[in-house]
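Student: Here's a structure for you.
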Amino acid sequence: MHLVVYGKESLDKLQNLVESNFKDVLNIDRAKNCFPGHPCSSEHLQILVKVVPVQEYHMLRIIWSVTPNIRHYKESPSRYLSHLIGHRGVGSLFYVLRSLGWATSLSAVERDSSCDFAFFHVNIELTSSGNDHVEDVIGLLFKYIALLRNSGIYQWIFNELVAICDADFHYKDKMPPIDYVVNIAENMQLFPLEDWLCGSSLPSRYDPSTIKGMLDMLTPNNIRIFWESQKFSGCTDSLEPWYKTSYKMERITASSIQQWIEKAPNELLHLPAPNEFIPTDLRLIQVEKKDKLPVLLKTSSFSNLWYKPDTTFFIPKGYVRIDFNCPESKSSLQAVVLTNIFTRLLADYLNEYAYSASVAGLKYKIQCYERGFQVVVSGYNHKLRKLLKVIINEIKQFEVKLDRFSVIKETMKRDLNIQFQQPHRQAVYYLALLLDEQRLPLNEQLEILHFLEADHLTKFYSCLLSRVFVDCYIAGNIGSAEAESVIKHVEDVLFESSHPTSKPLLPSQHLTNRIVKLNKGLGYYYPVEGLNPTNDNSALVYYIQVGQDDIQLSVKLQLFTLMTQEPAFHQLRSVEQLGYKTELKLGNLSAVWGLYFLIQSTVMDPAQLHGRVEAFLKMFENKLYEMTDDQFKSMANILIDSKLGEYINLSDESDAYCKEIVDGTFMFDRHESEVAALRELTRQELIEFFNSYIKVGAPQRKTLSIRCYGRLHSAEFQSSIRGSSQPQNCQIKDICSFKKSRPLYGSFRGGLGQMKLEDWRGPSQASPRTRSNNDGDDELEKNKKRKRKDGDEEKSTKRREV
C-alpha cells in the first residue's frame, strides 16, 4: 500500500495529518499479489477472430505478445516502435493505407501490461474498401515492420523522443489533483524511489539491442488478429457469454501471412523525416502589461482580436482560437452538412504535415461551431505560428479531392448515425435539439448527405467564405505584437490579398445562437422510442430551466446543485437502484442556466423515473428547510473554495474565457463576482430560489422531460403517446412545431461584430446584472426592489419577447 497526499498545507502539517489518520494501518509485511507467467499459450496465438459489432464500422486489431516496456522503461522500446508504426507522416504505414482509401485512423500502443507480460496493439479503422482488402492491409503492416528491421535502430529518432518527452515532463499542464496523486501512487508500486514522479515518461538510455528485441517479437508466429465488421453477421459459430457478441475463430499460419505480404501493394514505405516542430526555444516572454483578464486588443470590420498574456502558468505554451463566422454555413440544411464535410476535409489534407507538430506537443483542431467553423492551435509557442500559417493558407487554397471526399462522406455517415449510442446519450441529443434554435436533426443531415457529391462542395466553398467575420482569441506565452501579427496574416490572406477570398460581414449577417424559452408553470415532456430496438435500457433527462445569465441567479443554482448531487445519487442510484447511470448536472446553453437529472434504467420506464425525480425533490425540500445556517455556510464555503483556485491549465482558462466571448457575457472575472455573491448569500435566499424555480408545482418553474423508451418498455411508450396532456403537463409531439411555437431568449452578443475598442468597457465596469435578459426578470426585480402587479409583469414580459 502506498499513499500520496497533495495539499496546500506545510509538509509538517501534512505529515501530522497522515500519521494521525493512518497510524492504525500497520505494516505486516504482506506479500504483494503476483501472477507470473503469460496468459497466452500456443492455442491463443496465430488466430483470426471475426467479430460482429453492434455499431456499423470496420476495425482491424493486430496484437502481439511482447516483453513489458516497464522492464526497460529507460530504453523505452515500446515507445520507439509505437512512434514509428503509429506515425502518420509521408511514407508511413497510415499514409499508404490512407492514400489507397483503406483506413481512416491507425494507432500503435502497448496495452494490458503487467510486470510479466504485455500486448502490443496496432488498431486500424478501415473504410468499406479497406475492409475488402484486409489481407493486403496486414501484408503492408508486416512490410513496414520488415523495413524497420532492415533499416536498423536510429539514435536520432530516439533522441527526438527524448527531447519531446523531456519537454512534456518539465512543462506538463496541471491536472486535477485526484488524478495526479493516483498516478504517483501507482508509480510507487512499479518504480524505484528516484522515478516516482516521472515513472516511465523520461526515456534516457539508448540501447538498440533492447529495441530490436521487442521488434523481433512482432512476427507472424506471435500474432492475434481481431477483425470487427457487421459483414460477418450470420457467418459466425460462437457466442461470447457476457455481452452475447457473435464471433468465429480461425487458425492462421505464418505461411498464410507470408502470402499476404507478397501480394500486398508495392507502395513506397519509408521512415519519417526529422521532426521540424520540436521546440528548441522554451524561454518565457516578458509581459509588459500583466493583464489578468482578456482585453480587446484590436478590432476592425474584418475581425476582433482578444488577448490574454500568461500571468499564471509560466510555461512556454500558447493558445490560439480563430472562429470564422460564416452566415452561409447556416443558410440551409445542405449548407450545414457541407460545412461539416469542409472542416473534415481540411483537417484530412493537413494530416501528414501537422502530425509531426502533434507529436512535438503542438495540437490543432478544425471543426464546425455554432456560427461557422473554427481553428484551434495550442501547445509550445515556438513553432505555433508556423503551423497556423499553413492552416490559414490551406483554407485559402482549398480544393475538393474526389477520393478523399468519398472517404470523409463514409465516416460522416457513421458519425451522424446515433442509432447504437446509449439511450441516455440519445436523450441528451433530443434535449439539445429541442432547446437550441440552430440545432438540426441528425436524421435529416444523414438524408441530405446521401445525395451530396464533390461538385456540391466545390460550388459551396466559395459561398461559405464569401462573407466572413473573424473572432480571434490568443493567450499564453505570446506577446501582444505577435498576437496582432497573427490576425494581420489572417486578414491579409482572406481579405486583402490580390485575389481576396472574403468580404466582411454586413451588419445584418452577424449570427447569434438562441435558446428556446419554456413556459412558466408548464411541464413539457417528449416521449420517443430508443433508436436501437435491441437495447433494453430506457433513459430520462429531466431538465429544469432557470433563466438567462445573472450572477445572483447562477450562484444559487450552482450551490443548490452542489448540495443536491450527493443526496440525489444516494437516493436514486444507491437506495432505489434505478440505474447505474444516474447523474445530476448543471447546464449552461448559450448563457441560459438550468440543471438536469439523467437516469438510464431497465427497472422503470421514463415516466416512472420522472415521478421518482419529483419525489426526490419533494423529499429534499424538507432537508433544505431543516438545514442550519452553519451547514449552509459550510456548503457555500466549499463552492467558494472551488472558485478561488486557479484554472488547471492554459486550455482550461482559455476555454472559459472563449465561452464568455462566444456567449457575449464578457464576465471574465466571473469567479470573483460569484465568490462575492456567495459570501453575501443567505439560507433564506436559497430557499426562496428553490421555491420559485425548482420546487415541484412552483408557479415560476419550467421543466422539459425527455423520455427515451427502450425495448423493455415499448408498451409503456405506446401508452405514453396516447395519453392526454394534463393542464400543467404538455406533450411535445413534433420537435419543429414546438420550436417554432416558442419564444427565444435574447442574445447577449448584440452588435459584437461592430464593436469598437472605445465601446468595450471591460468586465469590471459592465455588470452582468445590468445586462441580464432573464425571463420574467424575477431575480433582477428582487435586486432592484421593483414591485409590479401580475398583469403589468406579464405585459412587460410579452414586450421583451416581441
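Each chain in the C-alpha cells gets a letter, A, B and so on, in the order shown; residues start at 1 in every chain, and ligands are counted from 1 in the order they appear.
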Please list as number ranges by chain every residue within 7 Å of stretch 41-47 of chain A, counting only C-alpha atoms and excluding residues in the same chain fewer than 4 positions away.

Tutor: A: 221-225, 249-253

Student: Would you pick out the contacts of A:Leu595 at 7 Å or less, using only C-alpha atoms, so that residues sharing its chain but fewer than 2 positions from it are not included, and give the list as a PyMOL selection string?

Tutor: chain A and resi 543-545+585-587

Student: May I have the residues from that selection written out with C-alpha atoms, as a PDB file, in the first residue's frame?

Tutor:
ATOM      1  CA  TYR A 543     -34.398  19.391 -17.296  1.00  0.00           C
ATOM      2  CA  ILE A 544     -35.283  22.441 -15.186  1.00  0.00           C
ATOM      3  CA  GLN A 545     -34.730  25.747 -16.993  1.00  0.00           C
ATOM      4  CA  LYS A 585     -25.601  18.231 -13.634  1.00  0.00           C
ATOM      5  CA  LEU A 586     -25.574  21.948 -14.274  1.00  0.00           C
ATOM      6  CA  GLY A 587     -26.473  23.107 -17.762  1.00  0.00           C
TER       7      GLY A 587
END

Student: Give me the residues near stretch 87-100 of chain A as a PyMOL selection string, where near means some atom within 6 Å (using only C-alpha atoms) and where sequence neighbours in that chain fewer than 6 positions away do not count.

Tutor: chain A and resi 269-270+352

Student: Got time to write the residues from that selection, N, CA and C atoms, as a compact mmCIF listing (two decimals), in the first residue's frame?

Tutor:
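Heads up, here's the output in selection_13.txt:
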# COMPACT_ATOMS: atom_id res chain seq x y z
N LEU A 269 7.16 2.75 -48.76
CA LEU A 269 7.20 2.94 -47.32
C LEU A 269 8.59 3.41 -46.92
N HIS A 270 8.66 4.40 -46.05
CA HIS A 270 9.98 4.83 -45.57
C HIS A 270 9.85 5.47 -44.19
N GLU A 352 -0.71 14.80 -42.89
CA GLU A 352 0.70 14.43 -42.95
C GLU A 352 1.60 15.53 -42.38

Student: What are the DSSP strand (DSSP E) residues of stretch 532-613 of chain A, as a VMD selection string?

Tutor: chain A and resid 538 to 548 581 to 589 592 to 601

Student: Which is closer to A:Gln509 than all the others in A:Gln565, A:Ser466, A:Asn159, A:Thr236, using only C-alpha atoms?

Tutor: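 Checking each of A:Gln565, A:Ser466, A:Asn159, A:Thr236 against A:Gln509, counting only C-alpha atoms, the winner is A:Ser466.
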
Student: From a DSSP calculation on the backbone, collect every residue of stretch 211-384 of chain A in helix (DSSP H, G or I) and output the set as a PyMOL selection string.

Tutor: chain A and resi 211-215+220-222+230-232+254-263+327-330+333-349+351-359+381-384

Student: So that I can check the surroundings of A:Asp173, please list as a ChimeraX atom specification every protein, DNA and RNA residue that reaches within 8 Å of it, counting only C-alpha atoms and ignoring chain neighbours fewer than 2 positions away.

Tutor: /A:171,175,648-650

Student: Could the residues in this selection be saved with N, CA and C atoms as a PDB file, in the first residue's frame?

Tutor:
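What ended up in out13.pdb:
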ATOM      1  N   TYR A 171       7.274  20.768 -18.713  1.00  0.00           N
ATOM      2  CA  TYR A 171       6.266  21.798 -18.959  1.00  0.00           C
ATOM      3  C   TYR A 171       4.878  21.178 -19.076  1.00  0.00           C
ATOM      4  N   MET A 175      -2.879  18.913 -13.854  1.00  0.00           N
ATOM      5  CA  MET A 175      -4.019  18.020 -13.968  1.00  0.00           C
ATOM      6  C   MET A 175      -4.794  18.056 -12.647  1.00  0.00           C
ATOM      7  N   ILE A 648      -6.954  25.083 -14.106  1.00  0.00           N
ATOM      8  CA  ILE A 648      -5.996  23.978 -14.068  1.00  0.00           C
ATOM      9  C   ILE A 648      -4.837  24.229 -15.022  1.00  0.00           C
ATOM     10  N   ASN A 649      -5.133  24.677 -16.233  1.00  0.00           N
ATOM     11  CA  ASN A 649      -4.074  24.896 -17.219  1.00  0.00           C
ATOM     12  C   ASN A 649      -4.530  25.954 -18.219  1.00  0.00           C
ATOM     13  N   LEU A 650      -3.663  26.249 -19.170  1.00  0.00           N
ATOM     14  CA  LEU A 650      -3.944  27.317 -20.136  1.00  0.00           C
ATOM     15  C   LEU A 650      -5.175  27.014 -20.977  1.00  0.00           C
TER      16      LEU A 650
END

Student: Could you check which of A:Val662, A:Leu293, A:Ala454, A:Leu518 is closest to A:Asp471, using only C-alpha atoms?

Tutor: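 Looking at the shortest contact to A:Asp471, the residue is A:Val662.
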
Student: Taking only C-alpha atoms into account, which of A:Cys115, A:Val137, A:Ile661, A:Val4 comes nearest A:Thr67?

Tutor: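 The shortest atom-to-atom distance to A:Thr67 comes from A:Cys115.
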
Student: What is the atom CA of A:Ile640-atom CA of A:Ala475 distance in Å, reported with one decimal?

Tutor: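 Atom-to-atom, atom CA of A:Ile640 to atom CA of A:Ala475, that is 26.0 Å.
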
Student: Kindly give the distance, in Å, that separates atom CA of A:Pro279 and atom CA of A:His382, rounded to a single decimal.

Tutor: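 Interatomic distance here is 5.8 Å.
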
Student: Within 9 Å of stretch 181-186 of chain A, counting only C-alpha atoms, which residues show up once you throw out same-chain ones fewer than 2 positions away? Write them as a ChimeraX atom specification, please.

Tutor: /A:1-6,176-179,188-191,196-199

Student: One decimal, Å: what's the distance from atom CA of A:Asp652 over to atom CA of A:Arg321, could you say?

Tutor: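 Distance reported for this atom pair: 13.0 Å.
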
Student: Any idea what's packed within 10 Å of A:Met627, counting only C-alpha atoms, ignoring anything in its chain fewer than 5 positions away? Could you give it as a PDB file with N, CA, C and O atoms, in the first residue's frame?

Tutor:
ATOM      1  N   ASN A 622     -37.625  19.113   2.337  1.00  0.00           N
ATOM      2  CA  ASN A 622     -37.625  19.095   3.804  1.00  0.00           C
ATOM      3  C   ASN A 622     -36.217  19.267   4.354  1.00  0.00           C
ATOM      4  O   ASN A 622     -35.999  19.988   5.337  1.00  0.00           O
ATOM      5  N   PHE A 632     -25.376  25.493   5.950  1.00  0.00           N
ATOM      6  CA  PHE A 632     -25.457  26.279   4.721  1.00  0.00           C
ATOM      7  C   PHE A 632     -24.116  26.947   4.419  1.00  0.00           C
ATOM      8  O   PHE A 632     -23.613  26.884   3.289  1.00  0.00           O
ATOM      9  N   ARG A 683     -29.231  31.635   3.671  1.00  0.00           N
ATOM     10  CA  ARG A 683     -30.005  30.398   3.549  1.00  0.00           C
ATOM     11  C   ARG A 683     -31.424  30.700   3.083  1.00  0.00           C
ATOM     12  O   ARG A 683     -31.984  29.974   2.253  1.00  0.00           O
TER      13      ARG A 683
END

Student: Go through A:Ala677, A:Ile157, A:Val407, A:Ile341 one by one, measure the shortest atom-to-atom distance of each to A:Ser128 using only C-alpha atoms, and give the residue with the smallest value.

Tutor: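 Looking at the shortest contact to A:Ser128, the residue is A:Val407.
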
Student: Which neighbours of A:Gln422 fall inside 9 Å, counting only C-alpha atoms, when residues of the same chain fewer than 3 positions from it are skipped, and could you give them as a PyMOL selection string?

Tutor: chain A and resi 418-419+425-427+530+532+535+537+539+600
